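Notes follow once the structure below has been shown.
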Amino acid sequence: MIVNTLSEPATGDRAAAPTPAATVRRHPRVLSIAGSDPSGGAGIQADIKSIAANGGYAMAAVTALTAQNTRGVQSVHVPPAEFLRRQLESLSDDIAIDAVKIGMLANPEVMRAVGEWLETTRPAVVVLDPVMVASSGDSLVAVDARLALLDLLQHAHLVTPNLPELAVLVGEAEADSWEAALEQGRRLAATSQVRVLVKGGHLAGSACPDALVEPGGSVEEFTALRIDTANTHGTGCSLSAALATVQAQTNHWPESVRRAKGWLWDALETSAELEVGHGHGPVNHFHSLWDAAPPAGNAFSRSLWDEVEPQRKAIFELGFIKDLAAGTLTEAHFAYYLAQDAMYLGSYSRVLARASALAPTAEEQLFWAKGAENCLAVELALHGDWLARHPLDVGPGPVTKHYVDHLQAAAFAGSYGEVVAAVLPCYWLYAEVGRVLHADYLAFDGVHPYARWLETYADQAFADAAEAAVRIVDAAARRGSALDRERMREAFVHSAQYEVDFFDAARLHA
Ligand SMILES: Nc1ncnc2c1ncn2[C@@H]1O[C@H](COP(=O)(O)OP(=O)(O)O)[C@@H](O)[C@H]1O
Ligand SMILES: Cc1ncc(COP(=O)(O)OP(=O)(O)O)c(N)n1
């Protein structure tokens, strides 16, 4: 689970390299300018896998050849910088490059060649991983390269040093705490006027924090649980290449960090499956491709529906629902329910707005935005109407509070898949309750006291919206990894249980 927190508003900050126009591409053309790692875990080999795994078209200009494996670097060969220049010019003469990731640049001459090419080409996204030392401890860069590297920062939109690299860039000793690392990140960002991703992989502890630090000093943190693994070869390469790719898809740095870090976390967690080498093994770049084949069609939503069968049955066994169907529910209980529902809907609407913000297509964006609007406009009007006639002075009850907390946690820390899975039960179970109760209501003899409410939820438009929400969840499940689907499943089941508790809370409230 990736959790992110913003310590100061990110306003007014601007990295030195000009912020590009907001063009995004589903499959950006991403160039890695980096060294070769023949073991495939780091360098251009890792970058190409990372770019492809994140949906980009990968290209690579080789800056250096290394002889290395998972145990260490045995030898480095640096071709003439002039030949790197030719590779770069050859690419930019022909191909539109949406994003660049820069890795191992072995000496100042190579750095200058890359700087000059960036100066003329000005790619929209430049992520600079200031590679200096491999995870084995072997140096990959000439000792006199610091100034040339600092000079290169002016061309980057993001620089991603690990703690030893950050220390070299600010000319200080390596940070031994997260707070000290953030301070160094702030100093680098301010003095070089560059956006910095401070990475906490080298710290001890159960958490693995990273933080986006803007030149103006604002910091946004992204925390994940530390995975207990030795397979950390190439994490920095893989992360920076993923960041360049995702940024070209989103044009939103915090979202790019959240996605790239989440992807890398899954790659680390499933890395043991690869069994490569005897030292620091590689991460599993294609975990989502190789995991259990994504569920076809509506298989995922069917499995969710089956899994919450106990909750579906429980709803129709509740006294509240039975009394509501029979028209014998007291007005006091119904008013309490509507008051809680009105409070819930206010928050639910915001969560739908978040789903809209994260949506991968304009169609889904519009769907959730309309849902958010409907929640406020239609539902609150209906409830406001009833509640105006039956005023009830209560705050959010414990179930309302827990349910809303659960939705907000998904909205602020979860992926798009988690958010849409968490909001789905409210659509789907309500449509189901509406369908069943409406049938009872049509067979009802006399004037039903809750006719208006029952008609609203048996509305065809509501049933259509529930169906559309189900289709969106299936599509998100197909795109995600097995881990993503597991998180979606958990989010959905929790929400389904809260739906049961929510109805029940009204009757329990005397
Ligand atoms: N054991 C781990 N568990 C989870 N995330 C990790 C782990 N090790 C590194 N990371 C993440 O991998 C990325 C690279 O981290 P780091 O090791 O600091 O840089 P580098 O690979 O450049 O030395 C960061 O996002 C970091 O949080
Ligand atoms: C050719 C080459 N480039 C870079 C590295 C270092 O990889 P990185 O991901 O920055 O660091 P570790 O995660 O391996 O510490 C490399 N080894 N080879």
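Chains: A, B, ... in order of the structure tokens. Residues: from 1 per chain. Ligands: from 1, in order shown.
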Sort by chain and increasing residue number a table of all residues of chain A within 8 Å of ligand 1, each with its closest pair of atoms and their distance in Å to one decimal, counting only C-alpha atoms and all ligand atoms, and write it as a tab-separated table.
residue	atom	partner	partner_atom_place_in_ligand_line	distance
A:Asp129	CA	ligand 1	22 (O)	7.4
A:Val131	CA	ligand 1	22 (O)	7.1
A:Ala134	CA	ligand 1	23 (O)	7.3
A:Ser135	CA	ligand 1	23 (O)	6.2
A:Thr160	CA	ligand 1	22 (O)	7.4
A:Pro161	CA	ligand 1	22 (O)	6.2
A:Asn162	CA	ligand 1	19 (O)	4.4
A:Leu163	CA	ligand 1	18 (O)	6.5
A:Val198	CA	ligand 1	18 (O)	7.8
A:Lys199	CA	ligand 1	18 (O)	4.3
A:Gly200	CA	ligand 1	18 (O)	4.7
A:Gly201	CA	ligand 1	18 (O)	3.2
A:His202	CA	ligand 1	18 (O)	5.0
A:Leu203	CA	ligand 1	18 (O)	7.8
A:Ala207	CA	ligand 1	4 (C)	7.6
A:Cys208	CA	ligand 1	27 (O)	4.7
A:Pro209	CA	ligand 1	27 (O)	5.4
A:Asp210	CA	ligand 1	27 (O)	5.4
A:Thr223	CA	ligand 1	27 (O)	7.7
A:Ala224	CA	ligand 1	4 (C)	6.5
A:Leu225	CA	ligand 1	4 (C)	6.1
A:Arg226	CA	ligand 1	3 (N)	3.6
A:Ile227	CA	ligand 1	3 (N)	3.8
A:Asp228	CA	ligand 1	1 (N)	5.6
A:Thr229	CA	ligand 1	1 (N)	5.9
A:Ala230	CA	ligand 1	1 (N)	7.5
A:Thr232	CA	ligand 1	8 (N)	5.9
A:His233	CA	ligand 1	21 (O)	6.9
A:Gly234	CA	ligand 1	21 (O)	5.7
A:Thr235	CA	ligand 1	21 (O)	4.1
A:Gly236	CA	ligand 1	21 (O)	3.3
A:Cys237	CA	ligand 1	22 (O)	6.6
A:Leu239	CA	ligand 1	13 (C)	6.0
A:Lys261	CA	ligand 1	25 (O)	5.5
A:Leu264	CA	ligand 1	12 (O)	6.8
A:Trp265	CA	ligand 1	4 (C)	5.5
A:Leu268	CA	ligand 1	3 (N)	6.7
A:Glu269	CA	ligand 1	3 (N)	7.8
Using only C-alpha atoms and all ligand atoms, find each residue of chain A with at least one atom at most 9 Å away from an atom of ligand 2; report its shortest atom-to-atom pair and that distance in Å (one decimal), sort the rows by chain and rising residue number, and return the result as CSV.
residue,atom,partner,partner_atom_place_in_ligand_line,distance
A:Ala34,CA,ligand 2,3 (N),6.4
A:Gly35,CA,ligand 2,1 (C),3.9
A:Ser36,CA,ligand 2,1 (C),4.4
A:Asp37,CA,ligand 2,1 (C),4.5
A:Pro38,CA,ligand 2,1 (C),8.2
A:Gly41,CA,ligand 2,14 (O),7.7
A:Ala42,CA,ligand 2,7 (O),4.9
A:Gly43,CA,ligand 2,3 (N),3.7
A:Ile44,CA,ligand 2,1 (C),6.7
A:Gln45,CA,ligand 2,1 (C),8.4
A:Ala46,CA,ligand 2,9 (O),8.3
A:Thr63,CA,ligand 2,1 (C),8.7
A:Ala64,CA,ligand 2,1 (C),7.1
A:Leu65,CA,ligand 2,1 (C),6.9
A:Thr66,CA,ligand 2,1 (C),6.0
A:Ala67,CA,ligand 2,1 (C),8.8
A:Gln68,CA,ligand 2,17 (N),7.6
A:Asn69,CA,ligand 2,17 (N),8.6
A:Thr70,CA,ligand 2,17 (N),8.7
A:Gly72,CA,ligand 2,17 (N),7.8
A:Val73,CA,ligand 2,17 (N),7.2
A:Val76,CA,ligand 2,1 (C),8.8
A:Gly103,CA,ligand 2,3 (N),6.1
A:Met104,CA,ligand 2,3 (N),4.9
A:Leu105,CA,ligand 2,3 (N),8.6
A:Asp129,CA,ligand 2,10 (O),7.0
A:Pro130,CA,ligand 2,10 (O),7.8
A:Val131,CA,ligand 2,10 (O),5.2
A:Met132,CA,ligand 2,6 (C),7.3
A:Val133,CA,ligand 2,6 (C),6.3
A:Ala134,CA,ligand 2,17 (N),4.2
A:Ser135,CA,ligand 2,15 (O),3.3
A:Ser136,CA,ligand 2,15 (O),7.0
A:Gly137,CA,ligand 2,15 (O),7.9
A:Asp138,CA,ligand 2,17 (N),8.2
A:Ser139,CA,ligand 2,17 (N),9.0
A:Leu140,CA,ligand 2,18 (N),7.3
A:Pro161,CA,ligand 2,10 (O),8.4
A:Asn162,CA,ligand 2,10 (O),7.8
A:Gly201,CA,ligand 2,13 (O),9.0
A:Asn231,CA,ligand 2,13 (O),8.9
A:Thr232,CA,ligand 2,13 (O),5.5
A:His233,CA,ligand 2,14 (O),3.8
A:Gly234,CA,ligand 2,9 (O),3.1
A:Thr235,CA,ligand 2,13 (O),4.0
A:Gly236,CA,ligand 2,9 (O),3.5
A:Cys237,CA,ligand 2,9 (O),3.8
A:Ser238,CA,ligand 2,9 (O),6.3
A:Leu239,CA,ligand 2,9 (O),7.8
A:Ser240,CA,ligand 2,9 (O),8.5
A:His280,CA,ligand 2,14 (O),8.1
A:Pro282,CA,ligand 2,14 (O),8.6
* To do: List every residue of range 208-260 of chain A that DSSP, applied to the backbone of this structure, assigns to helix (DSSP H, G or I), and report them as a list in words.
  =>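 Residues meeting the helix (DSSP H, G or I) criterion: Thr235, Gly236, Cys237, Ser238, Leu239, Ser240, Ala241, Ala242, Leu243, Ala244, Thr245, Val246, Gln247, Ala248, Gln249, Thr250, Trp253, Pro254, Glu255, Ser256, Val257, Arg258, Arg259 and Ala260 of chain A.
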* Within 10 Å of Ala156 in chain A, counting only C-alpha atoms, which residues qualify if same-chain residues fewer than 6 places away don't, as a PyMOL selection string? -> chain A and resi 15-18+100-102+115+118+122-129+193-196
* To do: Give me every strand (DSSP E) residue in range 26-60 of chain A, going by DSSP on the backbone, as a ChimeraX atom specification.
  => /A:29-36,57-60
* To do: State, in Å with one decimal place, the distance from CA of Cys426 in chain A to CA of Ala466 in chain A.
  => 8.7 Å
* Asked: Just how far from CA of Met488 in chain A is CA of Leu243 in chain A, in Å to one decimal?
  ->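 So the answer is 23.4 Å.
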* From A:Thr120, A:Ala326, A:Glu214, A:Arg258, residue lying nearest Asp440 in chain A [only C-alpha atoms] ->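 Result for the nearest residue to Asp440 in chain A: A:Ala326.
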* Asked: Which residue gives the smallest distance to Ala332 in chain A among A:Val394, A:Ala443, A:Ala204, A:Ile315, with only C-alpha atoms counted?
  ->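 Using only C-alpha atoms, Ala332 in chain A sits closest to A:Val394.
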* With distances taken over only C-alpha atoms, which of A:Ala477, A:Gly56, A:Ala482, A:Ala468 is nearest to Ala299 in chain A? -> A:Ala477
* To do: Mind checking which residues fall within 12 Å of Ala461 in chain A, counting only C-alpha atoms, ignoring those fewer than 4 positions away in the same chain, and posting them as a ChimeraX atom specification?
  => /A:371,374,427,431,434,455-457,465-468
Emit the selected residues as a PDB file, in the first residue's frame, including N, CA and C atoms.
ATOM      1  N   GLY A 371     -21.684  11.153 -11.753  1.00  0.00           N
ATOM      2  CA  GLY A 371     -22.094  10.470 -10.522  1.00  0.00           C
ATOM      3  C   GLY A 371     -21.948  11.381  -9.323  1.00  0.00           C
ATOM      4  N   ASN A 374     -24.671  13.971  -9.522  1.00  0.00           N
ATOM      5  CA  ASN A 374     -25.980  13.389  -9.195  1.00  0.00           C
ATOM      6  C   ASN A 374     -26.144  13.186  -7.708  1.00  0.00           C
ATOM      7  N   TYR A 427     -23.359   1.558  -5.617  1.00  0.00           N
ATOM      8  CA  TYR A 427     -24.157   1.518  -6.850  1.00  0.00           C
ATOM      9  C   TYR A 427     -24.897   0.179  -6.953  1.00  0.00           C
ATOM     10  N   ALA A 431     -28.779  -0.780  -6.269  1.00  0.00           N
ATOM     11  CA  ALA A 431     -29.615  -1.112  -7.428  1.00  0.00           C
ATOM     12  C   ALA A 431     -30.338  -2.429  -7.164  1.00  0.00           C
ATOM     13  N   GLY A 434     -33.001  -1.835  -4.577  1.00  0.00           N
ATOM     14  CA  GLY A 434     -34.087  -1.116  -5.240  1.00  0.00           C
ATOM     15  C   GLY A 434     -34.927  -2.044  -6.098  1.00  0.00           C
ATOM     16  N   GLU A 455     -39.122   4.288  -5.455  1.00  0.00           N
ATOM     17  CA  GLU A 455     -39.143   4.568  -6.894  1.00  0.00           C
ATOM     18  C   GLU A 455     -37.783   5.079  -7.376  1.00  0.00           C
ATOM     19  N   THR A 456     -37.130   5.892  -6.549  1.00  0.00           N
ATOM     20  CA  THR A 456     -35.831   6.453  -6.945  1.00  0.00           C
ATOM     21  C   THR A 456     -34.819   5.350  -7.209  1.00  0.00           C
ATOM     22  N   TYR A 457     -34.779   4.401  -6.305  1.00  0.00           N
ATOM     23  CA  TYR A 457     -33.727   3.388  -6.430  1.00  0.00           C
ATOM     24  C   TYR A 457     -34.075   2.265  -7.407  1.00  0.00           C
ATOM     25  N   ALA A 465     -26.571   3.036 -14.462  1.00  0.00           N
ATOM     26  CA  ALA A 465     -25.318   3.574 -13.900  1.00  0.00           C
ATOM     27  C   ALA A 465     -24.579   2.472 -13.141  1.00  0.00           C
ATOM     28  N   ALA A 466     -25.323   1.649 -12.423  1.00  0.00           N
ATOM     29  CA  ALA A 466     -24.672   0.542 -11.689  1.00  0.00           C
ATOM     30  C   ALA A 466     -23.992  -0.404 -12.670  1.00  0.00           C
ATOM     31  N   GLU A 467     -24.674  -0.696 -13.766  1.00  0.00           N
ATOM     32  CA  GLU A 467     -24.073  -1.589 -14.781  1.00  0.00           C
ATOM     33  C   GLU A 467     -22.800  -0.982 -15.369  1.00  0.00           C
ATOM     34  N   ALA A 468     -22.855   0.325 -15.637  1.00  0.00           N
ATOM     35  CA  ALA A 468     -21.669   1.000 -16.201  1.00  0.00           C
ATOM     36  C   ALA A 468     -20.518   0.952 -15.199  1.00  0.00           C
TER      37      ALA A 468
END
* **Given only C-alpha atoms as the counted atoms, nearest of A:Arg302, A:Arg389, A:Arg452, A:His406 to Val351 in chain A** =>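 Checking each candidate against Val351 in chain A, we get A:His406 as the closest.
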* To do: Can you pull out every residue within 10 Å of Gly417 in chain A, counting only C-alpha atoms, but drop anything in the same chain fewer than 5 positions away, and send it as a PyMOL selection string?
  => chain A and resi 355+358-359+410+422+472-480+484-485+487-489+491
* **Shell around His448 in chain A at 12 Å using only C-alpha atoms, local window under 5 positions removed, as a list in words** =>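 That gives Asp323, Leu324, Ala325, Ala326, Gly327, Thr328, Leu329, Leu437, His438, Asp440, Tyr441, Leu442, Ala443, Trp453, Leu454 and Glu455 of chain A.
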How would the residues just picked look written out with N, CA and C atoms as a PDB file, in the first residue's frame?
ATOM      1  N   ASP A 323     -38.881  -4.190   7.285  1.00  0.00           N
ATOM      2  CA  ASP A 323     -39.886  -3.199   7.694  1.00  0.00           C
ATOM      3  C   ASP A 323     -40.113  -2.161   6.596  1.00  0.00           C
ATOM      4  N   LEU A 324     -39.013  -1.804   5.932  1.00  0.00           N
ATOM      5  CA  LEU A 324     -39.125  -0.821   4.851  1.00  0.00           C
ATOM      6  C   LEU A 324     -40.013  -1.388   3.735  1.00  0.00           C
ATOM      7  N   ALA A 325     -39.760  -2.633   3.350  1.00  0.00           N
ATOM      8  CA  ALA A 325     -40.539  -3.259   2.279  1.00  0.00           C
ATOM      9  C   ALA A 325     -42.009  -3.359   2.671  1.00  0.00           C
ATOM     10  N   ALA A 326     -42.240  -3.688   3.936  1.00  0.00           N
ATOM     11  CA  ALA A 326     -43.619  -3.871   4.389  1.00  0.00           C
ATOM     12  C   ALA A 326     -44.315  -2.546   4.671  1.00  0.00           C
ATOM     13  N   GLY A 327     -43.549  -1.455   4.662  1.00  0.00           N
ATOM     14  CA  GLY A 327     -44.133  -0.143   4.964  1.00  0.00           C
ATOM     15  C   GLY A 327     -44.360   0.067   6.453  1.00  0.00           C
ATOM     16  N   THR A 328     -43.775  -0.803   7.280  1.00  0.00           N
ATOM     17  CA  THR A 328     -43.998  -0.698   8.733  1.00  0.00           C
ATOM     18  C   THR A 328     -42.827  -0.038   9.447  1.00  0.00           C
ATOM     19  N   LEU A 329     -41.827   0.398   8.693  1.00  0.00           N
ATOM     20  CA  LEU A 329     -40.674   1.050   9.328  1.00  0.00           C
ATOM     21  C   LEU A 329     -41.131   2.360   9.973  1.00  0.00           C
ATOM     22  N   LEU A 437     -36.925  -4.463  -3.722  1.00  0.00           N
ATOM     23  CA  LEU A 437     -37.963  -3.763  -2.953  1.00  0.00           C
ATOM     24  C   LEU A 437     -39.039  -3.167  -3.864  1.00  0.00           C
ATOM     25  N   HIS A 438     -38.602  -2.769  -5.061  1.00  0.00           N
ATOM     26  CA  HIS A 438     -39.584  -2.183  -5.964  1.00  0.00           C
ATOM     27  C   HIS A 438     -40.615  -3.230  -6.388  1.00  0.00           C
ATOM     28  N   ASP A 440     -41.564  -5.720  -4.551  1.00  0.00           N
ATOM     29  CA  ASP A 440     -42.463  -5.852  -3.381  1.00  0.00           C
ATOM     30  C   ASP A 440     -43.452  -4.689  -3.342  1.00  0.00           C
ATOM     31  N   TYR A 441     -42.912  -3.502  -3.680  1.00  0.00           N
ATOM     32  CA  TYR A 441     -43.717  -2.287  -3.603  1.00  0.00           C
ATOM     33  C   TYR A 441     -44.858  -2.308  -4.628  1.00  0.00           C
ATOM     34  N   LEU A 442     -44.537  -2.842  -5.846  1.00  0.00           N
ATOM     35  CA  LEU A 442     -45.579  -2.915  -6.877  1.00  0.00           C
ATOM     36  C   LEU A 442     -46.709  -3.854  -6.449  1.00  0.00           C
ATOM     37  N   ALA A 443     -46.329  -4.861  -5.651  1.00  0.00           N
ATOM     38  CA  ALA A 443     -47.343  -5.816  -5.181  1.00  0.00           C
ATOM     39  C   ALA A 443     -48.030  -5.323  -3.904  1.00  0.00           C
ATOM     40  N   TRP A 453     -38.957   7.015  -2.179  1.00  0.00           N
ATOM     41  CA  TRP A 453     -37.602   6.481  -2.038  1.00  0.00           C
ATOM     42  C   TRP A 453     -37.458   5.203  -2.872  1.00  0.00           C
ATOM     43  N   LEU A 454     -38.461   4.348  -2.764  1.00  0.00           N
ATOM     44  CA  LEU A 454     -38.385   3.065  -3.485  1.00  0.00           C
ATOM     45  C   LEU A 454     -38.371   3.286  -4.993  1.00  0.00           C
ATOM     46  N   GLU A 455     -39.122   4.288  -5.455  1.00  0.00           N
ATOM     47  CA  GLU A 455     -39.143   4.568  -6.894  1.00  0.00           C
ATOM     48  C   GLU A 455     -37.783   5.079  -7.376  1.00  0.00           C
TER      49      GLU A 455
END
* Tell me, as a PyMOL selection string, which residues lie within 9 Å of Phe503 in chain A, counting only C-alpha atoms; anything in the same chain fewer than 3 positions away does not count. => chain A and resi 315+318+320-321+337+498-500+506-507
Could you take the residues named above and write them with N, CA and C atoms, as an mmCIF file, in the first residue's frame?
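File again.cif, as written:
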data_model
loop_
_atom_site.group_PDB
_atom_site.id
_atom_site.type_symbol
_atom_site.label_atom_id
_atom_site.label_comp_id
_atom_site.auth_asym_id
_atom_site.auth_seq_id
_atom_site.Cartn_x
_atom_site.Cartn_y
_atom_site.Cartn_z
ATOM 1 N N ILE A 315 -28.473 -8.421 3.806
ATOM 2 C CA ILE A 315 -29.239 -7.179 3.638
ATOM 3 C C ILE A 315 -30.744 -7.484 3.689
ATOM 4 N N LEU A 318 -32.298 -8.124 7.085
ATOM 5 C CA LEU A 318 -32.282 -7.061 8.101
ATOM 6 C C LEU A 318 -33.705 -6.603 8.421
ATOM 7 N N PHE A 320 -34.536 -3.689 9.250
ATOM 8 C CA PHE A 320 -34.748 -2.394 8.595
ATOM 9 C C PHE A 320 -35.330 -2.591 7.197
ATOM 10 N N ILE A 321 -34.716 -3.505 6.431
ATOM 11 C CA ILE A 321 -35.151 -3.710 5.041
ATOM 12 C C ILE A 321 -36.537 -4.374 5.008
ATOM 13 N N TYR A 337 -31.944 7.031 9.093
ATOM 14 C CA TYR A 337 -31.258 6.453 7.929
ATOM 15 C C TYR A 337 -30.975 7.540 6.884
ATOM 16 N N TYR A 498 -19.950 -2.705 4.756
ATOM 17 C CA TYR A 498 -20.438 -1.429 5.309
ATOM 18 C C TYR A 498 -21.863 -1.133 4.835
ATOM 19 N N GLU A 499 -22.200 -1.566 3.619
ATOM 20 C CA GLU A 499 -23.572 -1.362 3.136
ATOM 21 C C GLU A 499 -24.566 -2.081 4.057
ATOM 22 N N VAL A 500 -24.220 -3.304 4.438
ATOM 23 C CA VAL A 500 -25.093 -4.061 5.353
ATOM 24 C C VAL A 500 -25.206 -3.314 6.681
ATOM 25 N N ALA A 506 -29.445 1.970 11.163
ATOM 26 C CA ALA A 506 -30.648 2.793 11.303
ATOM 27 C C ALA A 506 -31.647 2.130 12.255
ATOM 28 N N ARG A 507 -31.801 0.793 12.109
ATOM 29 C CA ARG A 507 -32.804 0.121 12.951
ATOM 30 C C ARG A 507 -32.295 0.010 14.393
#
* Asked: Interatomic distance between CA of Glu486 in chain A and CA of Val308 in chain A?
  ->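 We find that CA of Glu486 in chain A and CA of Val308 in chain A lie 14.6 Å from each other.
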